[in-house]
file upload31.cif (mmCIF, N, CA and C atoms)
data_data
#
loop_
_atom_site.group_PDB
_atom_site.id
_atom_site.type_symbol
_atom_site.label_atom_id
_atom_site.label_comp_id
_atom_site.auth_asym_id
_atom_site.auth_seq_id
_atom_site.Cartn_x
_atom_site.Cartn_y
_atom_site.Cartn_z
ATOM 1 N N MET E 1433 -1.871 -2.186 -19.169
ATOM 2 C CA MET E 1433 -2.397 -0.889 -18.847
ATOM 3 C C MET E 1433 -3.273 -1.030 -17.611
ATOM 4 N N CYS E 1434 -3.203 -0.065 -16.739
ATOM 5 C CA CYS E 1434 -4.006 -0.054 -15.527
ATOM 6 C C CYS E 1434 -5.073 1.016 -15.642
ATOM 7 N N LEU E 1435 -6.181 0.772 -14.986
ATOM 8 C CA LEU E 1435 -7.297 1.697 -15.043
ATOM 9 C C LEU E 1435 -7.871 1.868 -13.645
ATOM 10 N N ALA E 1436 -8.072 3.102 -13.242
ATOM 11 C CA ALA E 1436 -8.749 3.394 -11.982
ATOM 12 C C ALA E 1436 -10.170 3.814 -12.333
ATOM 13 N N ILE E 1437 -11.125 3.282 -11.601
ATOM 14 C CA ILE E 1437 -12.539 3.523 -11.860
ATOM 15 C C ILE E 1437 -13.107 4.425 -10.771
ATOM 16 N N PRO E 1438 -13.850 5.471 -11.154
ATOM 17 C CA PRO E 1438 -14.494 6.289 -10.130
ATOM 18 C C PRO E 1438 -15.654 5.521 -9.494
ATOM 19 N N ALA E 1439 -15.768 5.637 -8.192
ATOM 20 C CA ALA E 1439 -16.829 4.946 -7.457
ATOM 21 C C ALA E 1439 -17.203 5.770 -6.230
ATOM 22 N N ARG E 1440 -18.455 5.608 -5.806
ATOM 23 C CA ARG E 1440 -18.947 6.328 -4.631
ATOM 24 C C ARG E 1440 -18.859 5.421 -3.402
ATOM 25 N N ILE E 1441 -18.385 5.971 -2.313
ATOM 26 C CA ILE E 1441 -18.329 5.233 -1.049
ATOM 27 C C ILE E 1441 -19.759 5.127 -0.508
ATOM 28 N N VAL E 1442 -20.278 3.881 -0.410
ATOM 29 C CA VAL E 1442 -21.645 3.690 0.067
ATOM 30 C C VAL E 1442 -21.696 3.081 1.468
ATOM 31 N N GLN E 1443 -20.601 2.506 1.906
ATOM 32 C CA GLN E 1443 -20.463 2.027 3.286
ATOM 33 C C GLN E 1443 -19.028 2.280 3.706
ATOM 34 N N LEU E 1444 -18.865 2.654 4.969
ATOM 35 C CA LEU E 1444 -17.516 2.963 5.444
ATOM 36 C C LEU E 1444 -17.388 2.546 6.899
ATOM 37 N N ASP E 1445 -16.356 1.763 7.180
ATOM 38 C CA ASP E 1445 -16.072 1.303 8.538
ATOM 39 C C ASP E 1445 -14.561 1.291 8.706
ATOM 40 N N GLY E 1446 -14.029 2.334 9.336
ATOM 41 C CA GLY E 1446 -12.578 2.464 9.448
ATOM 42 C C GLY E 1446 -11.997 2.654 8.061
ATOM 43 N N ASP E 1447 -11.025 1.805 7.692
ATOM 44 C CA ASP E 1447 -10.472 1.907 6.339
ATOM 45 C C ASP E 1447 -11.027 0.831 5.403
ATOM 46 N N HIS E 1448 -12.127 0.215 5.805
ATOM 47 C CA HIS E 1448 -12.841 -0.738 4.961
ATOM 48 C C HIS E 1448 -14.074 -0.041 4.409
ATOM 49 N N ALA E 1449 -14.338 -0.235 3.119
ATOM 50 C CA ALA E 1449 -15.480 0.442 2.506
ATOM 51 C C ALA E 1449 -16.090 -0.438 1.423
ATOM 52 N N ILE E 1450 -17.325 -0.086 1.085
ATOM 53 C CA ILE E 1450 -17.984 -0.624 -0.094
ATOM 54 C C ILE E 1450 -18.128 0.555 -1.046
ATOM 55 N N ALA E 1451 -17.673 0.366 -2.289
ATOM 56 C CA ALA E 1451 -17.749 1.418 -3.297
ATOM 57 C C ALA E 1451 -18.649 0.953 -4.426
ATOM 58 N N ASP E 1452 -19.421 1.879 -4.975
ATOM 59 C CA ASP E 1452 -20.352 1.581 -6.063
ATOM 60 C C ASP E 1452 -19.980 2.384 -7.306
ATOM 61 N N ALA E 1453 -19.828 1.681 -8.412
ATOM 62 C CA ALA E 1453 -19.573 2.321 -9.705
ATOM 63 C C ALA E 1453 -20.533 1.724 -10.715
ATOM 64 N N MET E 1454 -21.485 2.525 -11.152
ATOM 65 C CA MET E 1454 -22.430 2.099 -12.185
ATOM 66 C C MET E 1454 -23.185 0.834 -11.780
ATOM 67 N N GLY E 1455 -23.486 0.693 -10.497
ATOM 68 C CA GLY E 1455 -24.226 -0.467 -10.018
ATOM 69 C C GLY E 1455 -23.367 -1.649 -9.619
ATOM 70 N N ASN E 1456 -22.078 -1.575 -9.858
ATOM 71 C CA ASN E 1456 -21.143 -2.623 -9.434
ATOM 72 C C ASN E 1456 -20.556 -2.215 -8.102
ATOM 73 N N ARG E 1457 -20.524 -3.151 -7.170
ATOM 74 C CA ARG E 1457 -20.002 -2.838 -5.833
ATOM 75 C C ARG E 1457 -18.802 -3.714 -5.504
ATOM 76 N N TRP E 1458 -17.828 -3.075 -4.849
ATOM 77 C CA TRP E 1458 -16.612 -3.773 -4.434
ATOM 78 C C TRP E 1458 -16.286 -3.432 -2.996
ATOM 79 N N GLN E 1459 -15.650 -4.384 -2.344
ATOM 80 C CA GLN E 1459 -15.034 -4.096 -1.051
ATOM 81 C C GLN E 1459 -13.685 -3.476 -1.358
ATOM 82 N N ILE E 1460 -13.448 -2.314 -0.791
ATOM 83 C CA ILE E 1460 -12.171 -1.629 -1.033
ATOM 84 C C ILE E 1460 -11.585 -1.185 0.291
ATOM 85 N N ARG E 1461 -10.362 -0.706 0.231
ATOM 86 C CA ARG E 1461 -9.690 -0.128 1.395
ATOM 87 C C ARG E 1461 -9.455 1.351 1.131
ATOM 88 N N THR E 1462 -9.571 2.145 2.178
ATOM 89 C CA THR E 1462 -9.345 3.589 2.064
ATOM 90 C C THR E 1462 -8.073 3.995 2.797
ATOM 91 N N THR E 1463 -7.190 3.059 2.997
ATOM 92 C CA THR E 1463 -5.933 3.306 3.702
ATOM 93 C C THR E 1463 -5.143 4.460 3.078
ATOM 94 N N LEU E 1464 -5.165 4.570 1.762
ATOM 95 C CA LEU E 1464 -4.396 5.605 1.065
ATOM 96 C C LEU E 1464 -5.124 6.947 1.011
ATOM 97 N N THR E 1465 -6.401 6.939 1.382
ATOM 98 C CA THR E 1465 -7.221 8.159 1.358
ATOM 99 C C THR E 1465 -8.005 8.264 2.665
ATOM 100 N N PRO E 1466 -7.317 8.446 3.784
ATOM 101 C CA PRO E 1466 -7.992 8.421 5.084
ATOM 102 C C PRO E 1466 -9.009 9.545 5.282
ATOM 103 N N GLU E 1467 -8.986 10.562 4.423
ATOM 104 C CA GLU E 1467 -9.903 11.691 4.555
ATOM 105 C C GLU E 1467 -11.287 11.421 3.971
ATOM 106 N N VAL E 1468 -11.465 10.327 3.218
ATOM 107 C CA VAL E 1468 -12.748 10.098 2.553
ATOM 108 C C VAL E 1468 -13.856 9.853 3.559
ATOM 109 N N GLN E 1469 -15.048 10.257 3.135
ATOM 110 C CA GLN E 1469 -16.231 10.094 3.961
ATOM 111 C C GLN E 1469 -17.311 9.402 3.151
ATOM 112 N N LEU E 1470 -18.319 8.934 3.848
ATOM 113 C CA LEU E 1470 -19.458 8.300 3.207
ATOM 114 C C LEU E 1470 -20.037 9.240 2.151
ATOM 115 N N GLY E 1471 -20.248 8.731 0.948
ATOM 116 C CA GLY E 1471 -20.793 9.528 -0.144
ATOM 117 C C GLY E 1471 -19.751 10.140 -1.058
ATOM 118 N N ASP E 1472 -18.496 10.156 -0.639
ATOM 119 C CA ASP E 1472 -17.429 10.719 -1.473
ATOM 120 C C ASP E 1472 -17.192 9.850 -2.702
ATOM 121 N N LEU E 1473 -16.707 10.488 -3.748
ATOM 122 C CA LEU E 1473 -16.288 9.789 -4.954
ATOM 123 C C LEU E 1473 -14.778 9.614 -4.921
ATOM 124 N N VAL E 1474 -14.341 8.403 -5.249
ATOM 125 C CA VAL E 1474 -12.914 8.090 -5.230
ATOM 126 C C VAL E 1474 -12.545 7.342 -6.502
ATOM 127 N N LEU E 1475 -11.265 7.355 -6.836
ATOM 128 C CA LEU E 1475 -10.750 6.502 -7.897
ATOM 129 C C LEU E 1475 -10.280 5.211 -7.245
ATOM 130 N N VAL E 1476 -10.773 4.082 -7.760
ATOM 131 C CA VAL E 1476 -10.439 2.774 -7.188
ATOM 132 C C VAL E 1476 -9.518 2.039 -8.146
ATOM 133 N N HIS E 1477 -8.402 1.580 -7.604
ATOM 134 C CA HIS E 1477 -7.444 0.787 -8.370
ATOM 135 C C HIS E 1477 -6.911 -0.318 -7.473
ATOM 136 N N ALA E 1478 -6.978 -1.537 -7.953
ATOM 137 C CA ALA E 1478 -6.439 -2.701 -7.242
ATOM 138 C C ALA E 1478 -6.990 -2.814 -5.824
ATOM 139 N N GLY E 1479 -8.272 -2.465 -5.663
ATOM 140 C CA GLY E 1479 -8.916 -2.623 -4.369
ATOM 141 C C GLY E 1479 -8.690 -1.493 -3.389
ATOM 142 N N TYR E 1480 -8.047 -0.420 -3.833
ATOM 143 C CA TYR E 1480 -7.767 0.722 -2.958
ATOM 144 C C TYR E 1480 -8.316 2.005 -3.571
ATOM 145 N N ALA E 1481 -8.882 2.845 -2.718
ATOM 146 C CA ALA E 1481 -9.209 4.205 -3.137
ATOM 147 C C ALA E 1481 -7.882 4.953 -3.169
ATOM 148 N N ILE E 1482 -7.514 5.460 -4.351
ATOM 149 C CA ILE E 1482 -6.194 6.092 -4.473
ATOM 150 C C ILE E 1482 -6.269 7.609 -4.458
ATOM 151 N N SER E 1483 -7.461 8.165 -4.705
ATOM 152 C CA SER E 1483 -7.642 9.616 -4.608
ATOM 153 C C SER E 1483 -9.129 9.921 -4.670
ATOM 154 N N THR E 1484 -9.470 11.128 -4.270
ATOM 155 C CA THR E 1484 -10.852 11.571 -4.434
ATOM 156 C C THR E 1484 -10.997 12.159 -5.837
ATOM 157 N N VAL E 1485 -12.230 12.260 -6.286
ATOM 158 C CA VAL E 1485 -12.496 12.772 -7.623
ATOM 159 C C VAL E 1485 -13.773 13.614 -7.559
ATOM 160 N N GLU E 1486 -13.845 14.613 -8.414
ATOM 161 C CA GLU E 1486 -15.024 15.474 -8.484
ATOM 162 C C GLU E 1486 -16.170 14.749 -9.199
ATOM 163 N N GLU E 1487 -17.384 15.121 -8.842
ATOM 164 C CA GLU E 1487 -18.580 14.507 -9.414
ATOM 165 C C GLU E 1487 -18.593 14.590 -10.951
ATOM 166 N N ALA E 1488 -18.278 15.749 -11.501
ATOM 167 C CA ALA E 1488 -18.310 15.928 -12.963
ATOM 168 C C ALA E 1488 -17.333 14.990 -13.659
ATOM 169 N N GLU E 1489 -16.145 14.829 -13.093
ATOM 170 C CA GLU E 1489 -15.146 13.936 -13.690
ATOM 171 C C GLU E 1489 -15.602 12.483 -13.619
ATOM 172 N N ALA E 1490 -16.192 12.089 -12.483
ATOM 173 C CA ALA E 1490 -16.691 10.722 -12.343
ATOM 174 C C ALA E 1490 -17.782 10.452 -13.366
ATOM 175 N N LYS E 1491 -18.732 11.376 -13.502
ATOM 176 C CA LYS E 1491 -19.822 11.189 -14.462
ATOM 177 C C LYS E 1491 -19.302 11.103 -15.894
ATOM 178 N N GLU E 1492 -18.318 11.910 -16.220
ATOM 179 C CA GLU E 1492 -17.730 11.868 -17.561
ATOM 180 C C GLU E 1492 -17.091 10.508 -17.833
ATOM 181 N N THR E 1493 -16.367 9.990 -16.850
ATOM 182 C CA THR E 1493 -15.726 8.682 -17.008
ATOM 183 C C THR E 1493 -16.771 7.586 -17.138
ATOM 184 N N TRP E 1494 -17.823 7.631 -16.297
ATOM 185 C CA TRP E 1494 -18.882 6.621 -16.391
ATOM 186 C C TRP E 1494 -19.547 6.657 -17.766
ATOM 187 N N GLU E 1495 -19.753 7.864 -18.304
ATOM 188 C CA GLU E 1495 -20.370 7.994 -19.629
ATOM 189 C C GLU E 1495 -19.464 7.381 -20.705
ATOM 190 N N LEU E 1496 -18.171 7.623 -20.610
ATOM 191 C CA LEU E 1496 -17.234 7.025 -21.571
ATOM 192 C C LEU E 1496 -17.242 5.503 -21.473
ATOM 193 N N LEU E 1497 -17.317 4.979 -20.261
ATOM 194 C CA LEU E 1497 -17.364 3.526 -20.079
ATOM 195 C C LEU E 1497 -18.641 2.948 -20.678
ATOM 196 N N LYS E 1498 -19.749 3.650 -20.532
ATOM 197 C CA LYS E 1498 -21.006 3.191 -21.130
ATOM 198 C C LYS E 1498 -20.897 3.156 -22.650
ATOM 199 N N GLN E 1499 -20.212 4.135 -23.228
ATOM 200 C CA GLN E 1499 -20.085 4.204 -24.678
ATOM 201 C C GLN E 1499 -19.277 3.047 -25.248
ATOM 202 N N ILE E 1500 -18.306 2.552 -24.505
ATOM 203 C CA ILE E 1500 -17.487 1.452 -25.021
ATOM 204 C C ILE E 1500 -18.032 0.086 -24.633
ATOM 205 N N GLN E 1501 -19.046 0.065 -23.787
ATOM 206 C CA GLN E 1501 -19.626 -1.192 -23.337
ATOM 207 C C GLN E 1501 -20.458 -1.795 -24.455
ATOM 208 N N MET E 1502 -20.302 -3.104 -24.677
ATOM 209 C CA MET E 1502 -21.085 -3.810 -25.682
ATOM 210 C C MET E 1502 -21.885 -4.900 -24.988
ATOM 211 N N PRO E 1503 -23.050 -5.239 -25.540
ATOM 212 C CA PRO E 1503 -23.783 -6.388 -24.984
ATOM 213 C C PRO E 1503 -22.902 -7.634 -25.047
ATOM 214 N N SER E 1504 -23.021 -8.477 -24.044
ATOM 215 C CA SER E 1504 -22.128 -9.642 -23.948
ATOM 216 C C SER E 1504 -22.231 -10.558 -25.158
ATOM 217 N N ASP E 1505 -23.384 -10.595 -25.842
ATOM 218 C CA ASP E 1505 -23.484 -11.470 -27.007
ATOM 219 C C ASP E 1505 -22.738 -10.914 -28.217
ATOM 220 N N GLU E 1506 -22.309 -9.647 -28.152
ATOM 221 C CA GLU E 1506 -21.526 -9.072 -29.243
ATOM 222 C C GLU E 1506 -20.028 -9.173 -29.003
ATOM 223 N N ILE E 1507 -19.652 -9.552 -27.803
ATOM 224 C CA ILE E 1507 -18.235 -9.639 -27.465
ATOM 225 C C ILE E 1507 -17.713 -11.014 -27.850
ATOM 226 N N THR E 1508 -16.671 -11.048 -28.655
ATOM 227 C CA THR E 1508 -16.016 -12.310 -28.994
ATOM 228 C C THR E 1508 -14.535 -12.152 -28.729
ATOM 229 N N THR E 1509 -13.932 -13.208 -28.356
ATOM 230 C CA THR E 1509 -12.506 -13.149 -28.042
ATOM 231 C C THR E 1509 -11.646 -13.634 -29.192
ATOM 232 N N GLY E 1510 -12.263 -14.279 -30.145
ATOM 233 C CA GLY E 1510 -11.484 -14.848 -31.235
ATOM 234 C C GLY E 1510 -11.049 -16.275 -30.956
ATOM 235 N N PHE E 1511 -11.201 -16.736 -29.730
ATOM 236 C CA PHE E 1511 -10.788 -18.095 -29.387
ATOM 237 C C PHE E 1511 -11.661 -19.135 -30.088
ATOM 238 N N GLU E 1512 -12.924 -18.755 -30.340
ATOM 239 C CA GLU E 1512 -13.814 -19.701 -31.019
ATOM 240 C C GLU E 1512 -13.272 -20.037 -32.412
ATOM 241 N N ASP E 1513 -12.794 -19.009 -33.138
ATOM 242 C CA ASP E 1513 -12.223 -19.221 -34.465
ATOM 243 C C ASP E 1513 -10.967 -20.077 -34.388
ATOM 244 N N LEU E 1514 -10.139 -19.816 -33.386
ATOM 245 C CA LEU E 1514 -8.901 -20.576 -33.248
ATOM 246 C C LEU E 1514 -9.206 -22.043 -32.956
ATOM 247 N N ALA E 1515 -10.227 -22.297 -32.140
ATOM 248 C CA ALA E 1515 -10.593 -23.664 -31.810
ATOM 249 C C ALA E 1515 -11.081 -24.432 -33.026
ATOM 250 N N LYS E 1516 -11.659 -23.697 -33.980
ATOM 251 C CA LYS E 1516 -12.163 -24.320 -35.195
ATOM 252 C C LYS E 1516 -11.082 -24.432 -36.278
ATOM 253 N N GLY E 1517 -9.891 -23.952 -35.969
ATOM 254 C CA GLY E 1517 -8.820 -24.026 -36.933
ATOM 255 C C GLY E 1517 -8.669 -22.777 -37.775
ATOM 256 N N GLY E 1518 -9.459 -21.754 -37.498
ATOM 257 C CA GLY E 1518 -9.381 -20.524 -38.248
ATOM 258 C C GLY E 1518 -8.543 -19.494 -37.514
ATOM 259 N N GLY E 1519 -8.620 -18.274 -37.931
ATOM 260 C CA GLY E 1519 -7.903 -17.207 -37.249
ATOM 261 C C GLY E 1519 -6.506 -17.018 -37.793
ATOM 262 N N ASP E 1520 -5.794 -16.110 -37.203
ATOM 263 C CA ASP E 1520 -4.459 -15.763 -37.680
ATOM 264 C C ASP E 1520 -3.353 -16.327 -36.825
ATOM 265 N N ALA E 1521 -3.631 -17.287 -35.975
ATOM 266 C CA ALA E 1521 -2.611 -17.769 -35.047
ATOM 267 C C ALA E 1521 -1.557 -18.593 -35.727
#
call {"tool": "encode", "arguments": {"input": "upload31.cif", "output": "structure tokens"}}
result
Amino acid sequence: MCLAIPARIVQLDGDHAIADAMGNRWQIRTTLTPEVQLGDLVLVHAGYAISTVEEAEAKETWELLKQIQMPSDEITTGFEDLAKGGGDA
């Protein structure tokens, strides 16, 4: 499954940009969205801004991502159990 994340363009130089989503920043390309400007919200997938997005939609998505986020000490992959000989493998 693929997921595009809404992010705000915080730096823009030609088709190279820095996008910020919830405090995470990535270098992205705006080749597919040449109309974007500094401050615009875009959907980022595989390092490319693939479309612009409205502020309300971006905020809704960020809120949903916060709801599913767990502290890293609560995240387990199950590999620890497998290494100990347990699990369903």
call {"tool": "resolve_selection", "arguments": {"input": "upload31.cif", "expression": "the PyMOL selection byres (((chain E and resi 1485 and name CA) around 12) and name CA)", "output": "ChimeraX atom specification"}}
result
/E:1436-1441,1465,1468,1471-1476,1481-1484,1486-1493
call {"tool": "atom_distance", "arguments": {"input": "upload31.cif", "atom1": "atom CA of Gln1499 of chain E", "atom2": "atom CA of Arg1461 of chain E"}}
result
28.4 Å
call {"tool": "closest_residue", "arguments": {"input": "upload31.cif", "among": "E:Lys1498, E:Thr1463, E:Gly1479, E:Trp1458", "to": "Gly1446 of chain E", "atoms": "all atoms listed in the file"}}
result
E:Thr1463
call {"tool": "select_by_dssp", "arguments": {"input": "upload31.cif", "residues": "segment 1437-1516 of chain E", "states": "strand (DSSP E or B)", "output": "ChimeraX atom specification"}}
result
/E:1437-1445,1448-1453,1456-1461,1473-1477,1480-1484
call {"tool": "write_last_selection", "arguments": {"input": "upload31.cif", "atoms": "N, CA and C atoms", "output": "JSON list (two decimals), in the frame of the given file"}}
result
[["chain", "number", "residue", "atom", "x", "y", "z"],
["E", 1437, "ILE", "N", -11.12, 3.28, -11.60],
["E", 1437, "ILE", "CA", -12.54, 3.52, -11.86],
["E", 1437, "ILE", "C", -13.11, 4.42, -10.77],
["E", 1438, "PRO", "N", -13.85, 5.47, -11.15],
["E", 1438, "PRO", "CA", -14.49, 6.29, -10.13],
["E", 1438, "PRO", "C", -15.65, 5.52, -9.49],
["E", 1439, "ALA", "N", -15.77, 5.64, -8.19],
["E", 1439, "ALA", "CA", -16.83, 4.95, -7.46],
["E", 1439, "ALA", "C", -17.20, 5.77, -6.23],
["E", 1440, "ARG", "N", -18.45, 5.61, -5.81],
["E", 1440, "ARG", "CA", -18.95, 6.33, -4.63],
["E", 1440, "ARG", "C", -18.86, 5.42, -3.40],
["E", 1441, "ILE", "N", -18.39, 5.97, -2.31],
["E", 1441, "ILE", "CA", -18.33, 5.23, -1.05],
["E", 1441, "ILE", "C", -19.76, 5.13, -0.51],
["E", 1442, "VAL", "N", -20.28, 3.88, -0.41],
["E", 1442, "VAL", "CA", -21.64, 3.69, 0.07],
["E", 1442, "VAL", "C", -21.70, 3.08, 1.47],
["E", 1443, "GLN", "N", -20.60, 2.51, 1.91],
["E", 1443, "GLN", "CA", -20.46, 2.03, 3.29],
["E", 1443, "GLN", "C", -19.03, 2.28, 3.71],
["E", 1444, "LEU", "N", -18.86, 2.65, 4.97],
["E", 1444, "LEU", "CA", -17.52, 2.96, 5.44],
["E", 1444, "LEU", "C", -17.39, 2.55, 6.90],
["E", 1445, "ASP", "N", -16.36, 1.76, 7.18],
["E", 1445, "ASP", "CA", -16.07, 1.30, 8.54],
["E", 1445, "ASP", "C", -14.56, 1.29, 8.71],
["E", 1448, "HIS", "N", -12.13, 0.22, 5.80],
["E", 1448, "HIS", "CA", -12.84, -0.74, 4.96],
["E", 1448, "HIS", "C", -14.07, -0.04, 4.41],
["E", 1449, "ALA", "N", -14.34, -0.24, 3.12],
["E", 1449, "ALA", "CA", -15.48, 0.44, 2.51],
["E", 1449, "ALA", "C", -16.09, -0.44, 1.42],
["E", 1450, "ILE", "N", -17.32, -0.09, 1.08],
["E", 1450, "ILE", "CA", -17.98, -0.62, -0.09],
["E", 1450, "ILE", "C", -18.13, 0.56, -1.05],
["E", 1451, "ALA", "N", -17.67, 0.37, -2.29],
["E", 1451, "ALA", "CA", -17.75, 1.42, -3.30],
["E", 1451, "ALA", "C", -18.65, 0.95, -4.43],
["E", 1452, "ASP", "N", -19.42, 1.88, -4.97],
["E", 1452, "ASP", "CA", -20.35, 1.58, -6.06],
["E", 1452, "ASP", "C", -19.98, 2.38, -7.31],
["E", 1453, "ALA", "N", -19.83, 1.68, -8.41],
["E", 1453, "ALA", "CA", -19.57, 2.32, -9.70],
["E", 1453, "ALA", "C", -20.53, 1.72, -10.72],
["E", 1456, "ASN", "N", -22.08, -1.58, -9.86],
["E", 1456, "ASN", "CA", -21.14, -2.62, -9.43],
["E", 1456, "ASN", "C", -20.56, -2.22, -8.10],
["E", 1457, "ARG", "N", -20.52, -3.15, -7.17],
["E", 1457, "ARG", "CA", -20.00, -2.84, -5.83],
["E", 1457, "ARG", "C", -18.80, -3.71, -5.50],
["E", 1458, "TRP", "N", -17.83, -3.08, -4.85],
["E", 1458, "TRP", "CA", -16.61, -3.77, -4.43],
["E", 1458, "TRP", "C", -16.29, -3.43, -3.00],
["E", 1459, "GLN", "N", -15.65, -4.38, -2.34],
["E", 1459, "GLN", "CA", -15.03, -4.10, -1.05],
["E", 1459, "GLN", "C", -13.68, -3.48, -1.36],
["E", 1460, "ILE", "N", -13.45, -2.31, -0.79],
["E", 1460, "ILE", "CA", -12.17, -1.63, -1.03],
["E", 1460, "ILE", "C", -11.58, -1.18, 0.29],
["E", 1461, "ARG", "N", -10.36, -0.71, 0.23],
["E", 1461, "ARG", "CA", -9.69, -0.13, 1.40],
["E", 1461, "ARG", "C", -9.46, 1.35, 1.13],
["E", 1473, "LEU", "N", -16.71, 10.49, -3.75],
["E", 1473, "LEU", "CA", -16.29, 9.79, -4.95],
["E", 1473, "LEU", "C", -14.78, 9.61, -4.92],
["E", 1474, "VAL", "N", -14.34, 8.40, -5.25],
["E", 1474, "VAL", "CA", -12.91, 8.09, -5.23],
["E", 1474, "VAL", "C", -12.54, 7.34, -6.50],
["E", 1475, "LEU", "N", -11.26, 7.36, -6.84],
["E", 1475, "LEU", "CA", -10.75, 6.50, -7.90],
["E", 1475, "LEU", "C", -10.28, 5.21, -7.24],
["E", 1476, "VAL", "N", -10.77, 4.08, -7.76],
["E", 1476, "VAL", "CA", -10.44, 2.77, -7.19],
["E", 1476, "VAL", "C", -9.52, 2.04, -8.15],
["E", 1477, "HIS", "N", -8.40, 1.58, -7.60],
["E", 1477, "HIS", "CA", -7.44, 0.79, -8.37],
["E", 1477, "HIS", "C", -6.91, -0.32, -7.47],
["E", 1480, "TYR", "N", -8.05, -0.42, -3.83],
["E", 1480, "TYR", "CA", -7.77, 0.72, -2.96],
["E", 1480, "TYR", "C", -8.32, 2.00, -3.57],
["E", 1481, "ALA", "N", -8.88, 2.84, -2.72],
["E", 1481, "ALA", "CA", -9.21, 4.20, -3.14],
["E", 1481, "ALA", "C", -7.88, 4.95, -3.17],
["E", 1482, "ILE", "N", -7.51, 5.46, -4.35],
["E", 1482, "ILE", "CA", -6.19, 6.09, -4.47],
["E", 1482, "ILE", "C", -6.27, 7.61, -4.46],
["E", 1483, "SER", "N", -7.46, 8.16, -4.70],
["E", 1483, "SER", "CA", -7.64, 9.62, -4.61],
["E", 1483, "SER", "C", -9.13, 9.92, -4.67],
["E", 1484, "THR", "N", -9.47, 11.13, -4.27],
["E", 1484, "THR", "CA", -10.85, 11.57, -4.43],
["E", 1484, "THR", "C", -11.00, 12.16, -5.84]]
call {"tool": "atom_distance", "arguments": {"input": "upload31.cif", "atom1": "atom C of Gln1501 of chain E", "atom2": "atom N of Ala1453 of chain E"}}
result
16.4 Å
call {"tool": "atom_distance", "arguments": {"input": "upload31.cif", "atom1": "atom CA of Tyr1480 of chain E", "atom2": "atom CA of Asn1456 of chain E"}}
result
15.2 Å
call {"tool": "axis_aligned_box", "arguments": {"input": "upload31.cif", "around": "segment 1472-1479 of chain E", "padding_each_side": "5 Å", "output": "JSON"}}
result
{"center_x": -12.5, "center_y": 4.0, "center_z": -4.5, "size_x": 22.1, "size_y": 23.5, "size_z": 17.7}
call {"tool": "select_by_dssp", "arguments": {"input": "upload31.cif", "residues": "segment 1437-1512 of chain E", "states": "helix (DSSP H, G or I)", "output": "JSON, numbers by chain"}}
result
{"E": [1487, 1488, 1489, 1490, 1491, 1492, 1493, 1494, 1495, 1496, 1497, 1498, 1499, 1500, 1504, 1505, 1506, 1511, 1512]}
call {"tool": "write_last_selection", "arguments": {"input": "upload31.cif", "atoms": "N, CA and C atoms", "output": "short mmCIF file (atom, residue, chain, number, x, y, z; two decimals), in the coordinates of the input"}}
result
data_model
loop_
_atom_site.label_atom_id
_atom_site.label_comp_id
_atom_site.auth_asym_id
_atom_site.auth_seq_id
_atom_site.Cartn_x
_atom_site.Cartn_y
_atom_site.Cartn_z
N GLU E 1487 -17.38 15.12 -8.84
CA GLU E 1487 -18.58 14.51 -9.41
C GLU E 1487 -18.59 14.59 -10.95
N ALA E 1488 -18.28 15.75 -11.50
CA ALA E 1488 -18.31 15.93 -12.96
C ALA E 1488 -17.33 14.99 -13.66
N GLU E 1489 -16.14 14.83 -13.09
CA GLU E 1489 -15.15 13.94 -13.69
C GLU E 1489 -15.60 12.48 -13.62
N ALA E 1490 -16.19 12.09 -12.48
CA ALA E 1490 -16.69 10.72 -12.34
C ALA E 1490 -17.78 10.45 -13.37
N LYS E 1491 -18.73 11.38 -13.50
CA LYS E 1491 -19.82 11.19 -14.46
C LYS E 1491 -19.30 11.10 -15.89
N GLU E 1492 -18.32 11.91 -16.22
CA GLU E 1492 -17.73 11.87 -17.56
C GLU E 1492 -17.09 10.51 -17.83
N THR E 1493 -16.37 9.99 -16.85
CA THR E 1493 -15.73 8.68 -17.01
C THR E 1493 -16.77 7.59 -17.14
N TRP E 1494 -17.82 7.63 -16.30
CA TRP E 1494 -18.88 6.62 -16.39
C TRP E 1494 -19.55 6.66 -17.77
N GLU E 1495 -19.75 7.86 -18.30
CA GLU E 1495 -20.37 7.99 -19.63
C GLU E 1495 -19.46 7.38 -20.70
N LEU E 1496 -18.17 7.62 -20.61
CA LEU E 1496 -17.23 7.02 -21.57
C LEU E 1496 -17.24 5.50 -21.47
N LEU E 1497 -17.32 4.98 -20.26
CA LEU E 1497 -17.36 3.53 -20.08
C LEU E 1497 -18.64 2.95 -20.68
N LYS E 1498 -19.75 3.65 -20.53
CA LYS E 1498 -21.01 3.19 -21.13
C LYS E 1498 -20.90 3.16 -22.65
N GLN E 1499 -20.21 4.14 -23.23
CA GLN E 1499 -20.08 4.20 -24.68
C GLN E 1499 -19.28 3.05 -25.25
N ILE E 1500 -18.31 2.55 -24.50
CA ILE E 1500 -17.49 1.45 -25.02
C ILE E 1500 -18.03 0.09 -24.63
N SER E 1504 -23.02 -8.48 -24.04
CA SER E 1504 -22.13 -9.64 -23.95
C SER E 1504 -22.23 -10.56 -25.16
N ASP E 1505 -23.38 -10.60 -25.84
CA ASP E 1505 -23.48 -11.47 -27.01
C ASP E 1505 -22.74 -10.91 -28.22
N GLU E 1506 -22.31 -9.65 -28.15
CA GLU E 1506 -21.53 -9.07 -29.24
C GLU E 1506 -20.03 -9.17 -29.00
N PHE E 1511 -11.20 -16.74 -29.73
CA PHE E 1511 -10.79 -18.10 -29.39
C PHE E 1511 -11.66 -19.14 -30.09
N GLU E 1512 -12.92 -18.76 -30.34
CA GLU E 1512 -13.81 -19.70 -31.02
C GLU E 1512 -13.27 -20.04 -32.41
#
call {"tool": "residues_near_point", "arguments": {"input": "upload31.cif", "point": "(-4.0, -2.9, -11.9)", "cutoff": "8 Å", "atoms": "all atoms listed in the file", "output": "VMD selection string"}}
result
chain E and resid 1433 to 1436 1477 to 1479
call {"tool": "decode", "arguments": {"input": "upload31.cif", "residues": "segment 1438-1445 of chain E", "atoms": "C-alpha atoms", "output": "CSV table (one decimal), in the first residue's frame"}}
result
chain,number,residue,atom,x,y,z
E,1438,PRO,CA,0.4,16.2,3.2
E,1439,ALA,CA,3.3,18.6,3.8
E,1440,ARG,CA,4.0,22.4,3.6
E,1441,ILE,CA,6.6,23.7,1.2
E,1442,VAL,CA,9.0,25.6,3.4
E,1443,GLN,CA,11.8,26.2,0.9
E,1444,LEU,CA,11.6,26.3,-2.8
E,1445,ASP,CA,14.3,26.6,-5.5
